[in-house]
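Data file: run15.cif. Format and content: mmCIF, all heavy atoms.
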data_coords
loop_
_atom_site.label_atom_id
_atom_site.label_comp_id
_atom_site.auth_asym_id
_atom_site.auth_seq_id
_atom_site.Cartn_x
_atom_site.Cartn_y
_atom_site.Cartn_z
N MET I 1 0.26 25.09 -13.93
CA MET I 1 -0.77 24.31 -13.30
C MET I 1 -1.91 25.21 -12.89
O MET I 1 -1.69 26.32 -12.41
CB MET I 1 -0.19 23.63 -12.06
CG MET I 1 -1.21 22.86 -11.29
SD MET I 1 -0.50 22.20 -9.79
CE MET I 1 -1.49 23.07 -8.62
N LYS I 2 -3.13 24.75 -13.13
CA LYS I 2 -4.31 25.47 -12.65
C LYS I 2 -5.20 24.47 -11.93
O LYS I 2 -5.46 23.39 -12.45
CB LYS I 2 -5.07 26.12 -13.80
CG LYS I 2 -6.29 26.86 -13.30
CD LYS I 2 -6.96 27.66 -14.37
CE LYS I 2 -8.19 28.31 -13.77
NZ LYS I 2 -8.40 29.63 -14.20
N LEU I 3 -5.64 24.85 -10.77
CA LEU I 3 -6.51 24.02 -9.96
C LEU I 3 -7.94 24.50 -10.13
O LEU I 3 -8.22 25.69 -10.04
CB LEU I 3 -6.09 24.12 -8.50
CG LEU I 3 -6.90 23.33 -7.50
CD1 LEU I 3 -6.76 21.84 -7.78
CD2 LEU I 3 -6.43 23.66 -6.10
N HIS I 4 -8.86 23.57 -10.41
CA HIS I 4 -10.27 23.92 -10.59
C HIS I 4 -11.11 23.14 -9.59
O HIS I 4 -11.14 21.91 -9.62
CB HIS I 4 -10.72 23.61 -12.01
CG HIS I 4 -12.19 23.80 -12.22
ND1 HIS I 4 -12.77 25.03 -12.26
CD2 HIS I 4 -13.20 22.90 -12.37
CE1 HIS I 4 -14.08 24.89 -12.45
NE2 HIS I 4 -14.36 23.60 -12.51
N ASP I 5 -11.77 23.85 -8.69
CA ASP I 5 -12.66 23.24 -7.71
C ASP I 5 -13.95 22.87 -8.43
O ASP I 5 -14.72 23.72 -8.84
CB ASP I 5 -12.94 24.23 -6.58
CG ASP I 5 -13.87 23.68 -5.51
OD1 ASP I 5 -14.45 22.59 -5.70
OD2 ASP I 5 -14.03 24.35 -4.48
N ASP I 6 -14.17 21.58 -8.62
CA ASP I 6 -15.35 21.09 -9.33
C ASP I 6 -16.28 20.36 -8.36
O ASP I 6 -17.04 19.49 -8.76
CB ASP I 6 -14.90 20.16 -10.46
CG ASP I 6 -15.97 19.95 -11.50
OD1 ASP I 6 -16.56 20.95 -11.95
OD2 ASP I 6 -16.23 18.78 -11.86
N SER I 7 -16.21 20.74 -7.09
CA SER I 7 -16.96 20.02 -6.06
C SER I 7 -18.47 20.09 -6.25
O SER I 7 -19.18 19.17 -5.87
CB SER I 7 -16.55 20.51 -4.66
OG SER I 7 -16.74 21.90 -4.55
N GLU I 8 -18.97 21.15 -6.86
CA GLU I 8 -20.42 21.25 -7.07
C GLU I 8 -20.92 20.29 -8.14
O GLU I 8 -22.07 19.89 -8.12
CB GLU I 8 -20.80 22.68 -7.43
CG GLU I 8 -20.67 23.64 -6.26
CD GLU I 8 -21.20 25.03 -6.58
OE1 GLU I 8 -21.96 25.17 -7.56
OE2 GLU I 8 -20.85 25.96 -5.84
N VAL I 9 -20.05 19.88 -9.07
CA VAL I 9 -20.47 19.00 -10.16
C VAL I 9 -20.01 17.56 -9.90
O VAL I 9 -20.82 16.64 -9.86
CB VAL I 9 -19.93 19.49 -11.52
CG1 VAL I 9 -20.32 18.54 -12.64
CG2 VAL I 9 -20.44 20.90 -11.81
N THR I 10 -18.71 17.36 -9.72
CA THR I 10 -18.17 16.01 -9.58
C THR I 10 -17.78 15.67 -8.14
O THR I 10 -17.50 14.52 -7.84
CB THR I 10 -16.91 15.82 -10.45
OG1 THR I 10 -15.87 16.66 -9.96
CG2 THR I 10 -17.18 16.11 -11.91
N GLY I 11 -17.73 16.69 -7.28
CA GLY I 11 -17.31 16.46 -5.91
C GLY I 11 -15.80 16.54 -5.73
O GLY I 11 -15.31 16.45 -4.62
N GLY I 12 -15.06 16.71 -6.82
CA GLY I 12 -13.60 16.69 -6.74
C GLY I 12 -12.95 17.94 -7.30
O GLY I 12 -13.56 19.01 -7.37
N TYR I 13 -11.71 17.74 -7.71
CA TYR I 13 -10.90 18.84 -8.24
C TYR I 13 -10.22 18.40 -9.52
O TYR I 13 -9.74 17.27 -9.62
CB TYR I 13 -9.79 19.22 -7.24
CG TYR I 13 -10.30 19.74 -5.93
CD1 TYR I 13 -10.64 18.87 -4.90
CD2 TYR I 13 -10.43 21.10 -5.71
CE1 TYR I 13 -11.10 19.34 -3.69
CE2 TYR I 13 -10.89 21.59 -4.50
CZ TYR I 13 -11.23 20.70 -3.50
OH TYR I 13 -11.68 21.18 -2.30
N TYR I 14 -10.16 19.31 -10.49
CA TYR I 14 -9.35 19.09 -11.69
C TYR I 14 -8.02 19.80 -11.50
O TYR I 14 -7.96 20.90 -10.95
CB TYR I 14 -10.02 19.67 -12.94
CG TYR I 14 -11.12 18.79 -13.47
CD1 TYR I 14 -12.45 19.10 -13.25
CD2 TYR I 14 -10.82 17.65 -14.22
CE1 TYR I 14 -13.46 18.30 -13.74
CE2 TYR I 14 -11.82 16.84 -14.71
CZ TYR I 14 -13.15 17.18 -14.47
OH TYR I 14 -14.14 16.38 -14.96
N ILE I 15 -6.96 19.18 -11.97
CA ILE I 15 -5.62 19.75 -11.94
C ILE I 15 -5.18 19.82 -13.40
O ILE I 15 -4.95 18.79 -14.04
CB ILE I 15 -4.65 18.88 -11.13
CG1 ILE I 15 -5.20 18.70 -9.72
CG2 ILE I 15 -3.26 19.50 -11.12
CD1 ILE I 15 -4.68 17.49 -9.00
N TYR I 16 -5.14 21.03 -13.94
CA TYR I 16 -4.75 21.23 -15.34
C TYR I 16 -3.26 21.55 -15.41
O TYR I 16 -2.78 22.46 -14.73
CB TYR I 16 -5.55 22.37 -15.97
CG TYR I 16 -7.03 22.13 -15.98
CD1 TYR I 16 -7.89 22.88 -15.20
CD2 TYR I 16 -7.58 21.15 -16.80
CE1 TYR I 16 -9.26 22.67 -15.21
CE2 TYR I 16 -8.95 20.92 -16.82
CZ TYR I 16 -9.78 21.69 -16.02
OH TYR I 16 -11.13 21.47 -16.04
N LEU I 17 -2.55 20.83 -16.23
CA LEU I 17 -1.13 21.06 -16.47
C LEU I 17 -0.99 21.53 -17.91
O LEU I 17 -1.28 20.78 -18.83
CB LEU I 17 -0.32 19.78 -16.26
CG LEU I 17 -0.49 19.11 -14.90
CD1 LEU I 17 0.28 17.81 -14.87
CD2 LEU I 17 -0.02 20.03 -13.79
N VAL I 18 -0.61 22.77 -18.08
CA VAL I 18 -0.51 23.34 -19.43
C VAL I 18 0.79 24.11 -19.59
O VAL I 18 1.43 24.47 -18.60
CB VAL I 18 -1.70 24.28 -19.74
CG1 VAL I 18 -3.00 23.50 -19.79
CG2 VAL I 18 -1.82 25.41 -18.76
N ASP I 19 1.14 24.37 -20.83
CA ASP I 19 2.38 25.10 -21.09
C ASP I 19 2.21 26.61 -20.93
O ASP I 19 3.18 27.33 -20.78
CB ASP I 19 2.95 24.75 -22.47
CG ASP I 19 1.99 25.08 -23.60
OD1 ASP I 19 0.82 25.41 -23.35
OD2 ASP I 19 2.42 24.98 -24.76
N ASP I 20 0.97 27.11 -20.98
CA ASP I 20 0.71 28.55 -20.84
C ASP I 20 -0.73 28.70 -20.35
O ASP I 20 -1.65 28.25 -21.02
CB ASP I 20 0.90 29.24 -22.19
CG ASP I 20 0.75 30.75 -22.11
OD1 ASP I 20 -0.22 31.22 -21.47
OD2 ASP I 20 1.56 31.46 -22.69
N LEU I 21 -0.93 29.33 -19.20
CA LEU I 21 -2.29 29.45 -18.66
C LEU I 21 -3.19 30.33 -19.52
O LEU I 21 -4.37 30.05 -19.66
CB LEU I 21 -2.25 30.01 -17.24
CG LEU I 21 -1.75 29.06 -16.16
CD1 LEU I 21 -1.67 29.78 -14.81
CD2 LEU I 21 -2.63 27.84 -16.04
N ALA I 22 -2.65 31.39 -20.12
CA ALA I 22 -3.47 32.30 -20.91
C ALA I 22 -3.90 31.69 -22.24
O ALA I 22 -5.04 31.83 -22.66
CB ALA I 22 -2.71 33.61 -21.15
N GLU I 23 -2.97 31.02 -22.91
CA GLU I 23 -3.26 30.41 -24.21
C GLU I 23 -2.59 29.05 -24.30
O GLU I 23 -1.57 28.89 -24.99
CB GLU I 23 -2.76 31.33 -25.34
CG GLU I 23 -3.49 32.65 -25.40
CD GLU I 23 -3.03 33.50 -26.57
OE1 GLU I 23 -2.74 32.94 -27.64
OE2 GLU I 23 -2.95 34.72 -26.39
N PRO I 24 -3.16 28.04 -23.64
CA PRO I 24 -2.51 26.73 -23.64
C PRO I 24 -2.52 26.07 -25.01
O PRO I 24 -3.51 26.14 -25.73
CB PRO I 24 -3.33 25.93 -22.64
CG PRO I 24 -4.64 26.63 -22.54
CD PRO I 24 -4.38 28.06 -22.87
N THR I 25 -1.41 25.45 -25.36
CA THR I 25 -1.33 24.70 -26.61
C THR I 25 -0.93 23.25 -26.35
O THR I 25 -1.02 22.42 -27.26
CB THR I 25 -0.30 25.33 -27.57
OG1 THR I 25 0.98 25.34 -26.94
CG2 THR I 25 -0.69 26.73 -27.96
N ASP I 26 -0.49 22.94 -25.15
CA ASP I 26 -0.08 21.58 -24.82
C ASP I 26 -0.29 21.35 -23.33
O ASP I 26 -0.17 22.27 -22.54
CB ASP I 26 1.39 21.38 -25.18
CG ASP I 26 1.82 19.93 -25.07
OD1 ASP I 26 0.95 19.04 -25.21
OD2 ASP I 26 3.01 19.68 -24.85
N GLY I 27 -0.64 20.13 -22.97
CA GLY I 27 -0.80 19.82 -21.56
C GLY I 27 -1.69 18.62 -21.35
O GLY I 27 -1.93 17.83 -22.24
N GLY I 28 -2.21 18.52 -20.15
CA GLY I 28 -3.08 17.42 -19.78
C GLY I 28 -3.79 17.77 -18.49
O GLY I 28 -3.67 18.88 -17.99
N ASP I 29 -4.56 16.81 -17.98
CA ASP I 29 -5.23 17.10 -16.73
C ASP I 29 -5.38 15.84 -15.90
O ASP I 29 -5.23 14.73 -16.38
CB ASP I 29 -6.59 17.77 -16.97
CG ASP I 29 -7.59 16.88 -17.69
OD1 ASP I 29 -7.15 16.09 -18.55
OD2 ASP I 29 -8.78 16.98 -17.41
N TYR I 30 -5.64 16.07 -14.61
CA TYR I 30 -5.88 15.02 -13.64
C TYR I 30 -7.14 15.38 -12.88
O TYR I 30 -7.53 16.55 -12.83
CB TYR I 30 -4.72 14.91 -12.64
CG TYR I 30 -3.43 14.49 -13.25
CD1 TYR I 30 -2.53 15.43 -13.75
CD2 TYR I 30 -3.08 13.15 -13.32
CE1 TYR I 30 -1.34 15.04 -14.31
CE2 TYR I 30 -1.87 12.76 -13.88
CZ TYR I 30 -1.01 13.70 -14.37
OH TYR I 30 0.18 13.32 -14.92
N TRP I 31 -7.76 14.40 -12.26
CA TRP I 31 -8.91 14.64 -11.42
C TRP I 31 -8.71 13.86 -10.13
O TRP I 31 -8.24 12.72 -10.15
CB TRP I 31 -10.19 14.17 -12.11
CG TRP I 31 -11.42 14.37 -11.29
CD1 TRP I 31 -12.15 15.52 -11.19
CD2 TRP I 31 -12.08 13.41 -10.46
NE1 TRP I 31 -13.21 15.35 -10.33
CE2 TRP I 31 -13.19 14.04 -9.86
CE3 TRP I 31 -11.83 12.10 -10.12
CZ2 TRP I 31 -14.05 13.40 -8.99
CZ3 TRP I 31 -12.68 11.46 -9.24
CH2 TRP I 31 -13.78 12.11 -8.70
N VAL I 32 -9.02 14.49 -9.01
CA VAL I 32 -8.98 13.82 -7.71
C VAL I 32 -10.34 13.98 -7.05
O VAL I 32 -11.05 14.96 -7.28
CB VAL I 32 -7.85 14.36 -6.80
CG1 VAL I 32 -6.48 14.03 -7.39
CG2 VAL I 32 -7.96 15.86 -6.59
N ALA I 33 -10.72 13.00 -6.22
CA ALA I 33 -12.07 12.92 -5.69
C ALA I 33 -12.39 13.91 -4.57
O ALA I 33 -13.55 14.28 -4.40
CB ALA I 33 -12.35 11.50 -5.20
N ASP I 34 -11.38 14.34 -3.82
CA ASP I 34 -11.66 15.24 -2.70
C ASP I 34 -10.38 15.95 -2.27
O ASP I 34 -9.32 15.73 -2.84
CB ASP I 34 -12.28 14.49 -1.52
CG ASP I 34 -11.42 13.32 -1.03
OD1 ASP I 34 -10.18 13.39 -1.09
OD2 ASP I 34 -12.02 12.32 -0.58
N ARG I 35 -10.51 16.80 -1.25
CA ARG I 35 -9.36 17.60 -0.81
C ARG I 35 -8.23 16.72 -0.28
O ARG I 35 -7.07 17.02 -0.50
CB ARG I 35 -9.80 18.61 0.25
CG ARG I 35 -8.69 19.56 0.62
CD ARG I 35 -9.19 20.69 1.50
NE ARG I 35 -8.11 21.60 1.78
CZ ARG I 35 -7.86 22.72 1.11
NH1 ARG I 35 -8.63 23.05 0.11
NH2 ARG I 35 -6.86 23.49 1.45
N GLY I 36 -8.55 15.64 0.38
CA GLY I 36 -7.51 14.73 0.88
C GLY I 36 -6.69 14.14 -0.26
O GLY I 36 -5.46 14.09 -0.17
N GLU I 37 -7.36 13.71 -1.32
CA GLU I 37 -6.65 13.19 -2.49
C GLU I 37 -5.84 14.29 -3.17
O GLU I 37 -4.74 14.05 -3.66
CB GLU I 37 -7.61 12.58 -3.51
CG GLU I 37 -8.03 11.19 -3.16
CD GLU I 37 -8.79 10.52 -4.30
OE1 GLU I 37 -8.55 10.84 -5.48
OE2 GLU I 37 -9.65 9.68 -3.97
N LEU I 38 -6.38 15.51 -3.19
CA LEU I 38 -5.66 16.64 -3.77
C LEU I 38 -4.36 16.88 -3.01
O LEU I 38 -3.30 17.03 -3.62
CB LEU I 38 -6.53 17.89 -3.76
CG LEU I 38 -5.88 19.18 -4.24
CD1 LEU I 38 -5.44 19.07 -5.69
CD2 LEU I 38 -6.81 20.35 -4.04
N GLU I 39 -4.44 16.91 -1.70
CA GLU I 39 -3.24 17.14 -0.89
C GLU I 39 -2.23 16.03 -1.11
O GLU I 39 -1.03 16.29 -1.24
CB GLU I 39 -3.63 17.26 0.58
CG GLU I 39 -4.38 18.55 0.87
CD GLU I 39 -4.92 18.64 2.28
OE1 GLU I 39 -4.71 17.70 3.09
OE2 GLU I 39 -5.58 19.65 2.59
N SER I 40 -2.67 14.78 -1.19
CA SER I 40 -1.77 13.66 -1.44
C SER I 40 -1.14 13.75 -2.82
O SER I 40 0.05 13.49 -3.00
CB SER I 40 -2.52 12.33 -1.32
OG SER I 40 -2.91 12.11 -0.01
N PHE I 41 -1.94 14.14 -3.81
CA PHE I 41 -1.45 14.29 -5.18
C PHE I 41 -0.35 15.33 -5.25
O PHE I 41 0.72 15.10 -5.82
CB PHE I 41 -2.60 14.67 -6.12
CG PHE I 41 -2.20 14.82 -7.56
CD1 PHE I 41 -2.27 13.75 -8.42
CD2 PHE I 41 -1.77 16.04 -8.06
CE1 PHE I 41 -1.91 13.88 -9.75
CE2 PHE I 41 -1.40 16.19 -9.37
CZ PHE I 41 -1.47 15.10 -10.23
N VAL I 42 -0.60 16.50 -4.66
CA VAL I 42 0.38 17.58 -4.69
C VAL I 42 1.64 17.17 -3.93
O VAL I 42 2.76 17.40 -4.41
CB VAL I 42 -0.22 18.89 -4.13
CG1 VAL I 42 0.85 19.95 -3.94
CG2 VAL I 42 -1.31 19.41 -5.05
N GLU I 43 1.47 16.54 -2.78
CA GLU I 43 2.62 16.12 -1.98
C GLU I 43 3.46 15.08 -2.73
O GLU I 43 4.69 15.16 -2.77
CB GLU I 43 2.16 15.54 -0.65
CG GLU I 43 3.28 15.21 0.29
CD GLU I 43 2.77 14.74 1.63
OE1 GLU I 43 1.91 15.44 2.20
OE2 GLU I 43 3.22 13.68 2.08
N SER I 44 2.81 14.12 -3.37
CA SER I 44 3.55 13.06 -4.07
C SER I 44 4.20 13.56 -5.36
O SER I 44 5.17 12.98 -5.83
CB SER I 44 2.64 11.88 -4.38
OG SER I 44 1.66 12.23 -5.33
N SER I 45 3.67 14.65 -5.92
CA SER I 45 4.24 15.19 -7.16
C SER I 45 5.59 15.86 -6.92
O SER I 45 6.38 15.99 -7.85
CB SER I 45 3.29 16.20 -7.79
OG SER I 45 3.25 17.38 -7.01
N ARG I 46 5.80 16.30 -5.68
CA ARG I 46 7.03 16.98 -5.29
C ARG I 46 7.27 18.27 -6.10
O ARG I 46 8.38 18.68 -6.33
CB ARG I 46 8.22 16.04 -5.39
CG ARG I 46 8.02 14.80 -4.53
CD ARG I 46 9.14 13.88 -4.59
NE ARG I 46 10.22 14.49 -3.81
CZ ARG I 46 11.31 13.87 -3.47
NH1 ARG I 46 11.51 12.65 -3.85
NH2 ARG I 46 12.22 14.49 -2.76
N TRP I 47 6.18 18.89 -6.55
CA TRP I 47 6.27 20.15 -7.27
C TRP I 47 6.58 21.27 -6.30
O TRP I 47 6.17 21.25 -5.16
CB TRP I 47 4.96 20.50 -7.95
CG TRP I 47 4.54 19.60 -9.05
CD1 TRP I 47 5.34 18.93 -9.92
CD2 TRP I 47 3.20 19.27 -9.40
NE1 TRP I 47 4.59 18.21 -10.80
CE2 TRP I 47 3.28 18.41 -10.50
CE3 TRP I 47 1.96 19.64 -8.92
CZ2 TRP I 47 2.13 17.90 -11.11
CZ3 TRP I 47 0.82 19.13 -9.53
CH2 TRP I 47 0.92 18.27 -10.61
N GLU I 48 7.29 22.26 -6.78
CA GLU I 48 7.41 23.52 -6.05
C GLU I 48 6.30 24.41 -6.60
O GLU I 48 6.29 24.72 -7.79
CB GLU I 48 8.77 24.17 -6.30
CG GLU I 48 9.87 23.55 -5.49
CD GLU I 48 11.16 24.36 -5.60
OE1 GLU I 48 11.09 25.61 -5.59
OE2 GLU I 48 12.19 23.73 -5.71
N ILE I 49 5.37 24.79 -5.74
CA ILE I 49 4.20 25.54 -6.19
C ILE I 49 4.19 26.93 -5.60
O ILE I 49 4.36 27.10 -4.40
CB ILE I 49 2.90 24.81 -5.79
CG1 ILE I 49 2.85 23.43 -6.46
CG2 ILE I 49 1.69 25.63 -6.16
CD1 ILE I 49 1.69 22.58 -6.02
N GLU I 50 4.00 27.90 -6.46
CA GLU I 50 3.77 29.27 -6.02
C GLU I 50 2.29 29.55 -6.26
O GLU I 50 1.84 29.59 -7.40
CB GLU I 50 4.61 30.26 -6.83
CG GLU I 50 4.37 31.70 -6.43
CD GLU I 50 5.14 32.69 -7.28
OE1 GLU I 50 5.96 32.26 -8.12
OE2 GLU I 50 4.90 33.89 -7.13
N TRP I 51 1.51 29.67 -5.19
CA TRP I 51 0.08 29.85 -5.31
C TRP I 51 -0.22 31.30 -5.65
O TRP I 51 0.20 32.21 -4.96
CB TRP I 51 -0.63 29.46 -4.00
CG TRP I 51 -0.44 28.02 -3.67
CD1 TRP I 51 0.47 27.49 -2.81
CD2 TRP I 51 -1.14 26.90 -4.23
NE1 TRP I 51 0.36 26.12 -2.77
CE2 TRP I 51 -0.62 25.73 -3.65
CE3 TRP I 51 -2.15 26.77 -5.17
CZ2 TRP I 51 -1.09 24.46 -3.96
CZ3 TRP I 51 -2.62 25.51 -5.49
CH2 TRP I 51 -2.10 24.37 -4.88
N LEU I 52 -0.95 31.51 -6.72
CA LEU I 52 -1.31 32.85 -7.18
C LEU I 52 -2.82 33.07 -7.03
O LEU I 52 -3.58 32.12 -7.24
CB LEU I 52 -0.94 33.03 -8.66
CG LEU I 52 0.54 32.81 -9.01
CD1 LEU I 52 0.72 32.86 -10.52
CD2 LEU I 52 1.39 33.86 -8.33
N PRO I 53 -3.25 34.27 -6.72
CA PRO I 53 -4.70 34.52 -6.64
C PRO I 53 -5.30 34.46 -8.05
O PRO I 53 -4.61 34.72 -9.03
CB PRO I 53 -4.79 35.92 -6.05
CG PRO I 53 -3.48 36.55 -6.33
CD PRO I 53 -2.46 35.45 -6.41
N GLU I 54 -6.59 34.14 -8.10
CA GLU I 54 -7.24 34.11 -9.41
C GLU I 54 -7.46 35.48 -9.96
O GLU I 54 -7.63 36.42 -9.32
CB GLU I 54 -8.60 33.40 -9.30
CG GLU I 54 -8.45 31.91 -9.34
CD GLU I 54 -9.79 31.23 -9.51
OE1 GLU I 54 -10.47 31.50 -10.52
OE2 GLU I 54 -10.14 30.47 -8.63
#

Rewrite the structure of this file - the entire thing - as structure tokens.
Amino acid sequence: MKLHDDSEVTGGYYIYLVDDLAEPTDGGDYWVADRGELESFVESSRWEIEWLPE
């Protein structure tokens, strides 16, 4: 998963789900309107997330 802050363009966030961050060959994406929706999305997904620096 890669999170992209797109607040300057769309005001929201893209959530990219891919099989490999360096060279993705399969996956999809989601968009949420703001940080509140992002937090709800992550919480409802029940994912275990290890946050890595960019």

Atom CA of I:Tyr30 to atom CA of I:Ser7: how many Å, to one decimal? 14.3 Å

Output the residue selection produced by the PyMOL selection byres ((chain I and resi 15) around 4.5) on the file above, formatted as a compact mmCIF listing (two decimals) with all heavy atoms, in the coordinates of the input.
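Contents of expr30.txt, as written:
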# COMPACT_ATOMS: atom_id res chain seq x y z
N MET I 1 0.26 25.09 -13.93
CA MET I 1 -0.77 24.31 -13.30
C MET I 1 -1.91 25.21 -12.89
O MET I 1 -1.69 26.32 -12.41
CB MET I 1 -0.19 23.63 -12.06
CG MET I 1 -1.21 22.86 -11.29
SD MET I 1 -0.50 22.20 -9.79
CE MET I 1 -1.49 23.07 -8.62
N LYS I 2 -3.13 24.75 -13.13
CA LYS I 2 -4.31 25.47 -12.65
C LYS I 2 -5.20 24.47 -11.93
O LYS I 2 -5.46 23.39 -12.45
CB LYS I 2 -5.07 26.12 -13.80
CG LYS I 2 -6.29 26.86 -13.30
CD LYS I 2 -6.96 27.66 -14.37
CE LYS I 2 -8.19 28.31 -13.77
NZ LYS I 2 -8.40 29.63 -14.20
N LEU I 3 -5.64 24.85 -10.77
CA LEU I 3 -6.51 24.02 -9.96
C LEU I 3 -7.94 24.50 -10.13
O LEU I 3 -8.22 25.69 -10.04
CB LEU I 3 -6.09 24.12 -8.50
CG LEU I 3 -6.90 23.33 -7.50
CD1 LEU I 3 -6.76 21.84 -7.78
CD2 LEU I 3 -6.43 23.66 -6.10
N TYR I 13 -11.71 17.74 -7.71
CA TYR I 13 -10.90 18.84 -8.24
C TYR I 13 -10.22 18.40 -9.52
O TYR I 13 -9.74 17.27 -9.62
CB TYR I 13 -9.79 19.22 -7.24
CG TYR I 13 -10.30 19.74 -5.93
CD1 TYR I 13 -10.64 18.87 -4.90
CD2 TYR I 13 -10.43 21.10 -5.71
CE1 TYR I 13 -11.10 19.34 -3.69
CE2 TYR I 13 -10.89 21.59 -4.50
CZ TYR I 13 -11.23 20.70 -3.50
OH TYR I 13 -11.68 21.18 -2.30
N TYR I 14 -10.16 19.31 -10.49
CA TYR I 14 -9.35 19.09 -11.69
C TYR I 14 -8.02 19.80 -11.50
O TYR I 14 -7.96 20.90 -10.95
CB TYR I 14 -10.02 19.67 -12.94
CG TYR I 14 -11.12 18.79 -13.47
CD1 TYR I 14 -12.45 19.10 -13.25
CD2 TYR I 14 -10.82 17.65 -14.22
CE1 TYR I 14 -13.46 18.30 -13.74
CE2 TYR I 14 -11.82 16.84 -14.71
CZ TYR I 14 -13.15 17.18 -14.47
OH TYR I 14 -14.14 16.38 -14.96
N TYR I 16 -5.14 21.03 -13.94
CA TYR I 16 -4.75 21.23 -15.34
C TYR I 16 -3.26 21.55 -15.41
O TYR I 16 -2.78 22.46 -14.73
CB TYR I 16 -5.55 22.37 -15.97
CG TYR I 16 -7.03 22.13 -15.98
CD1 TYR I 16 -7.89 22.88 -15.20
CD2 TYR I 16 -7.58 21.15 -16.80
CE1 TYR I 16 -9.26 22.67 -15.21
CE2 TYR I 16 -8.95 20.92 -16.82
CZ TYR I 16 -9.78 21.69 -16.02
OH TYR I 16 -11.13 21.47 -16.04
N LEU I 17 -2.55 20.83 -16.23
CA LEU I 17 -1.13 21.06 -16.47
C LEU I 17 -0.99 21.53 -17.91
O LEU I 17 -1.28 20.78 -18.83
CB LEU I 17 -0.32 19.78 -16.26
CG LEU I 17 -0.49 19.11 -14.90
CD1 LEU I 17 0.28 17.81 -14.87
CD2 LEU I 17 -0.02 20.03 -13.79
N GLY I 28 -2.21 18.52 -20.15
CA GLY I 28 -3.08 17.42 -19.78
C GLY I 28 -3.79 17.77 -18.49
O GLY I 28 -3.67 18.88 -17.99
N ASP I 29 -4.56 16.81 -17.98
CA ASP I 29 -5.23 17.10 -16.73
C ASP I 29 -5.38 15.84 -15.90
O ASP I 29 -5.23 14.73 -16.38
CB ASP I 29 -6.59 17.77 -16.97
CG ASP I 29 -7.59 16.88 -17.69
OD1 ASP I 29 -7.15 16.09 -18.55
OD2 ASP I 29 -8.78 16.98 -17.41
N TYR I 30 -5.64 16.07 -14.61
CA TYR I 30 -5.88 15.02 -13.64
C TYR I 30 -7.14 15.38 -12.88
O TYR I 30 -7.53 16.55 -12.83
CB TYR I 30 -4.72 14.91 -12.64
CG TYR I 30 -3.43 14.49 -13.25
CD1 TYR I 30 -2.53 15.43 -13.75
CD2 TYR I 30 -3.08 13.15 -13.32
CE1 TYR I 30 -1.34 15.04 -14.31
CE2 TYR I 30 -1.87 12.76 -13.88
CZ TYR I 30 -1.01 13.70 -14.37
OH TYR I 30 0.18 13.32 -14.92
N VAL I 32 -9.02 14.49 -9.01
CA VAL I 32 -8.98 13.82 -7.71
C VAL I 32 -10.34 13.98 -7.05
O VAL I 32 -11.05 14.96 -7.28
CB VAL I 32 -7.85 14.36 -6.80
CG1 VAL I 32 -6.48 14.03 -7.39
CG2 VAL I 32 -7.96 15.86 -6.59
N LEU I 38 -6.38 15.51 -3.19
CA LEU I 38 -5.66 16.64 -3.77
C LEU I 38 -4.36 16.88 -3.01
O LEU I 38 -3.30 17.03 -3.62
CB LEU I 38 -6.53 17.89 -3.76
CG LEU I 38 -5.88 19.18 -4.24
CD1 LEU I 38 -5.44 19.07 -5.69
CD2 LEU I 38 -6.81 20.35 -4.04
N PHE I 41 -1.94 14.14 -3.81
CA PHE I 41 -1.45 14.29 -5.18
C PHE I 41 -0.35 15.33 -5.25
O PHE I 41 0.72 15.10 -5.82
CB PHE I 41 -2.60 14.67 -6.12
CG PHE I 41 -2.20 14.82 -7.56
CD1 PHE I 41 -2.27 13.75 -8.42
CD2 PHE I 41 -1.77 16.04 -8.06
CE1 PHE I 41 -1.91 13.88 -9.75
CE2 PHE I 41 -1.40 16.19 -9.37
CZ PHE I 41 -1.47 15.10 -10.23
N TRP I 47 6.18 18.89 -6.55
CA TRP I 47 6.27 20.15 -7.27
C TRP I 47 6.58 21.27 -6.30
O TRP I 47 6.17 21.25 -5.16
CB TRP I 47 4.96 20.50 -7.95
CG TRP I 47 4.54 19.60 -9.05
CD1 TRP I 47 5.34 18.93 -9.92
CD2 TRP I 47 3.20 19.27 -9.40
NE1 TRP I 47 4.59 18.21 -10.80
CE2 TRP I 47 3.28 18.41 -10.50
CE3 TRP I 47 1.96 19.64 -8.92
CZ2 TRP I 47 2.13 17.90 -11.11
CZ3 TRP I 47 0.82 19.13 -9.53
CH2 TRP I 47 0.92 18.27 -10.61

Would you work out the distance separating atom CA of I:Glu37 from atom CA of I:Gly12, expressed in Å to one decimal? 8.9 Å

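All residues in chain I with a DSSP state of helix (DSSP H, G or I), computed from the backbone, read Arg35, Gly36, Glu37, Leu38, Glu39, Ser40, Phe41, Val42, Glu43, Ser44 and Ser45 of chain I.
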
Residue list (strand (DSSP E), DSSP) for chain I, as an NGL selection string: :I and (2-6 or 12-18 or 27-32)

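Taking atom OE2 of I:Glu50 as the reference point, atom O of I:His4 is found at 20.2 Å.
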